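Asker: Dropping a structure here in structure tokens format, bear with me for questions.
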Amino acid sequence: MVDQESTPCVELKNLVKRFPGVTAVNHVDLRVKHGEVFSLLGPSGCGKTTALRVVAGLETADEGEVLIEGNVVNDIPPYRRDCNLVFQNLALFPHMTVEENIAYGLERKRVPKDQVRERVGEMLEFMRLQGMESRYPTQLSGGQQQRIALARSLVLKPKILLLDEPLASLDRKLRKDMQVELKRIQQEVGITFFYVTHDQKVSLAISDTIAVMRDGRLEQVASPEEIYDRPGTRFVADFMGVSNIFPGKVIAKDSGEIQLETKSGLRITALDNEEIRTEDVTGVCIHPERINISPPGTDSEAANRFKGRIVEMVYQGDFVEMKARLSDSKTDDAITAHLDARLSRKNRLSVGQEVIVHWDREASSTLRG
Amino acid sequence: MKSSRSGTILLSLVVVGYVFLWTPIIVLGLFSFNSSTFGVKWESLTSRWYVELFQETAIIDSVLTSLVIACVTTVVATAIGTIAGYGLYKHKFAGRRVLRMSILLPITVPYVIMAGALLVYFSSIAHVPLGYPSIIIAHISFSAPLAVFVTLGRMQRIDWSLEEASIDLGADRITTWRKVTIPLLLPAIFASAVLIFPWSFNDFTITYFVAGVGTTTLPLYLYSMLQYSLKPVLINAISLIFIITPTIGILLLSYLQREKQRVR
């Protein structure tokens, strides 16, 4: 029995994978805990899919080690590794029925026929695919195909399930449904998920741990809340969709609070991110949905208060995206705020109006890099 | 108005096309029932050539010879061509492009030159006995490239992550070939066979050179019949048979295909 507390389900030690002209994975170390959803998040071409394929065994590592449950698997061929991959395009066998697709892996393991039928039956029920047994993949909807791909891998009860952006091909509505479904499935089967995606929304929604990857290296590994609230680097902040990123330097520090002066001359109070040494701080980011914009004369206790003028308003349905230019700013940089659409109507905000822009120190977070 | 006019033009083009395609065949069919021995002038209706045809054992023998050669060629050339196509597509090695292009050579080189070269090769270098062995090897050498091309075309449209999925699900390379790759290539394999069989069956030039004495395929027999026979009109009858047989085959195939689509 493996000691589940101390042995990670999957561990990459100093992993390097090079392709001609590019180092896709550049000295990456990471540990995926048992039973968690670990997502590797990054823009396309950052090496996340390569890392996943190295774990699956479809690519070989140039340096470093891949461990599954504490055992080095570098030399084990993919068909003997205890992990399965759900492909981006699903890769369902078009010449086989749903049932044959799901049974494929069990048959390769020489599981007796009656057991194969039983386990496939259970899986079909679990995935709510009963009655589809004898159909061909192309006759099914996108969501159903998705579930078959999952079923085909999960029926083998792998130690870890690798998922390569399986939701990318779905439309937005279906993607949201499948995201919830994925989380349900993961919780019920209790299998560790290693999820690769470029979609920060999906990864925030389903992950226990997120690792943000950039140019073959890990930028930050943390919980979704931490990644979103306190992005470590400018890259992470930008990638997580924080639109207000201001370079600047620390001018004062006091019990968990930090004072920065931005290049544009603004003085911003932010929460001190303990992960970053003060001398490494190169800027600050402010979450747009945590910024308030009020008519002049409004009382505010917020640590950051600036006078400004609205320069742009874009209605987005559930919120209004507003850009305001702060009068203290020496440059033309505008600050973006996401305001509740009803609130903005109530306050009769409009383009050109003088306003007060204010936010708590918790809404801003220091950055390095 | 405009659309109906372009419709008329299109329709007349189609009619012209099919008239060109079918008239010789129809004329040939009609003349095979002509009682004149030399078949130039119409005399009267007869079915006697068909009766005579089946009494002519040399014809039957040549058909059998051709069938054997075409069957062996189809199986071997399709297998070689499919495997070669797979290798040329999947494996990256130096000189792959050159090799891929050079596959075209047997198709582009004039048949007479190819045939002469093969004959020299068989008789003075490789010492392959002329007859079945030389004919079959020659046919394979010019028809395997066809299978390579058909396979390469199909390969470009195959989703190769399917092979990876198979390996990931626990199948080794050989099982993956058997269970996934070959079924995916099946349309290409089938298309290659359908192309190669008539090529081999119909080939005259190369066979003429490398056949040696005593192994007479149907095209060789027909040619000699035209030259020396007292009843050249027999050729009309036999031609009609060989036009009708594949036609029935094609119709049957398209019917089966439609049935299969309906079942799906």
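Residue numbering restarts at 1 for every chain of the structure tokens, chains are lettered A, B, ... in their displayed order, and ligands are numbered from 1 as they appear.
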I need the residues of segment 14-56 of chain A that end up classed as helix (DSSP H, G or I) by DSSP on the backbone, written out as number ranges by chain.
Answerer: A: 48-56
Asker: Keeping only N, CA and C atoms, write the selected residues as a PDB file, in the first residue's frame.
Answerer:
ATOM      1  N   LYS A  48       2.067  22.970 -21.996  1.00  0.00           N
ATOM      2  CA  LYS A  48       1.229  22.205 -21.064  1.00  0.00           C
ATOM      3  C   LYS A  48       0.794  20.860 -21.637  1.00  0.00           C
ATOM      4  N   THR A  49       0.432  20.845 -22.915  1.00  0.00           N
ATOM      5  CA  THR A  49       0.022  19.577 -23.522  1.00  0.00           C
ATOM      6  C   THR A  49       1.207  18.623 -23.619  1.00  0.00           C
ATOM      7  N   THR A  50       2.387  19.167 -23.908  1.00  0.00           N
ATOM      8  CA  THR A  50       3.580  18.323 -23.963  1.00  0.00           C
ATOM      9  C   THR A  50       3.825  17.667 -22.606  1.00  0.00           C
ATOM     10  N   ALA A  51       3.713  18.458 -21.542  1.00  0.00           N
ATOM     11  CA  ALA A  51       3.916  17.907 -20.205  1.00  0.00           C
ATOM     12  C   ALA A  51       2.942  16.756 -19.962  1.00  0.00           C
ATOM     13  N   LEU A  52       1.691  16.958 -20.366  1.00  0.00           N
ATOM     14  CA  LEU A  52       0.671  15.931 -20.192  1.00  0.00           C
ATOM     15  C   LEU A  52       1.011  14.669 -20.981  1.00  0.00           C
ATOM     16  N   ARG A  53       1.487  14.879 -22.219  1.00  0.00           N
ATOM     17  CA  ARG A  53       1.816  13.733 -23.063  1.00  0.00           C
ATOM     18  C   ARG A  53       3.033  12.975 -22.535  1.00  0.00           C
ATOM     19  N   VAL A  54       3.917  13.687 -21.854  1.00  0.00           N
ATOM     20  CA  VAL A  54       5.048  13.001 -21.240  1.00  0.00           C
ATOM     21  C   VAL A  54       4.545  12.110 -20.100  1.00  0.00           C
ATOM     22  N   VAL A  55       3.590  12.615 -19.328  1.00  0.00           N
ATOM     23  CA  VAL A  55       3.029  11.792 -18.250  1.00  0.00           C
ATOM     24  C   VAL A  55       2.346  10.563 -18.845  1.00  0.00           C
ATOM     25  N   ALA A  56       1.623  10.752 -19.946  1.00  0.00           N
ATOM     26  CA  ALA A  56       0.917   9.630 -20.577  1.00  0.00           C
ATOM     27  C   ALA A  56       1.885   8.646 -21.214  1.00  0.00           C
TER      28      ALA A  56
END
Asker: Per residue of chain A within 6 Å of chain B, what are the shortest atom pair and its distance in Å to one decimal, counting only C-alpha atoms, with rows by chain and residue number, as CSV?
Answerer:
residue,atom,partner,partner_atom,distance
A:Pro78,CA,B:Asp168,CA,5.5
A:Tyr79,CA,B:Gly170,CA,3.9
A:Ala91,CA,B:Leu162,CA,5.1
A:Gly105,CA,B:Leu169,CA,4.8
A:Arg108,CA,B:Gly170,CA,5.8
Asker: What's around Pro43 of chain A at 9 Å? Count only C-alpha atoms, leave out sequence neighbours fewer than 4 positions away in its own chain, and write the answer as a VMD selection string.
Answerer: chain A and resid 47 to 48 197 to 199 213 to 215 239
Asker: By how many Å are atom CA of Val22 of chain A and atom CA of Ile68 of chain A apart?
Answerer: 26.4 Å
Asker: Rounded to one decimal in Å, what is the spacing between atom CA of Leu45 of chain B and atom CA of Pro24 of chain B?
Answerer: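 That distance, rounded to one decimal, is 18.6 Å.
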Asker: If you run DSSP over the backbone, which residues in segment 216-266 of chain A end up strand (DSSP E)? Put them as a ChimeraX atom specification.
Answerer: /A:217-222,244-254,257-262
Asker: Extract, using only C-alpha atoms, all DNA, RNA and protein residues at most 7 Å from segment 109-111 of chain B, discarding same-chain residues fewer than 4 positions from it, and format them as a VMD selection string.
Answerer: chain B and resid 105 115 205 to 206
Asker: So that I can check the surroundings of segment 221-224 of chain A, please list as a list in words every protein, DNA and RNA residue that reaches within 6 Å of it, counting only C-alpha atoms and ignoring chain neighbours fewer than 3 positions away.
Answerer: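 Counting only C-alpha atoms, the residues come to Leu204, Asp208, Thr209, Ile210, Ala211 and Ile227 of chain A.
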Asker: Can those selected residues be exported to a file as a PDB file, in the first residue's frame so that it contains C-alpha atoms?
Answerer:
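again16.pdb, written as the output of this step:
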ATOM      1  CA  LEU A 204     -11.036  28.167 -11.688  1.00  0.00           C
ATOM      2  CA  ASP A 208      -8.274  22.155  -6.404  1.00  0.00           C
ATOM      3  CA  THR A 209      -4.844  23.320  -7.507  1.00  0.00           C
ATOM      4  CA  ILE A 210      -3.850  25.400 -10.514  1.00  0.00           C
ATOM      5  CA  ALA A 211      -0.384  25.610 -11.993  1.00  0.00           C
ATOM      6  CA  ILE A 227      -4.265  32.406  -8.067  1.00  0.00           C
TER       7      ILE A 227
END
Asker: Using only C-alpha atoms, pick whichever of A:Gln220, A:Ser300, A:Asn14, A:Gln145 has the shortest atom-to-atom distance to Met240 of chain A.
Answerer: A:Gln220
Asker: Which is closer to Ile136 of chain B than all the others in B:Val72, B:Leu67, B:Leu30, B:Ile250, using only C-alpha atoms?
Answerer: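 Comparing B:Val72, B:Leu67, B:Leu30, B:Ile250 against Ile136 of chain B, the winner is B:Val72.
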Asker: Between atom CA of Leu150 of chain A and atom CA of Leu185 of chain B, what is the spacing in Å?
Answerer: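 Taking atom CA of Leu185 of chain B as the start and atom CA of Leu150 of chain A as the end point, the length is 25.8 Å.
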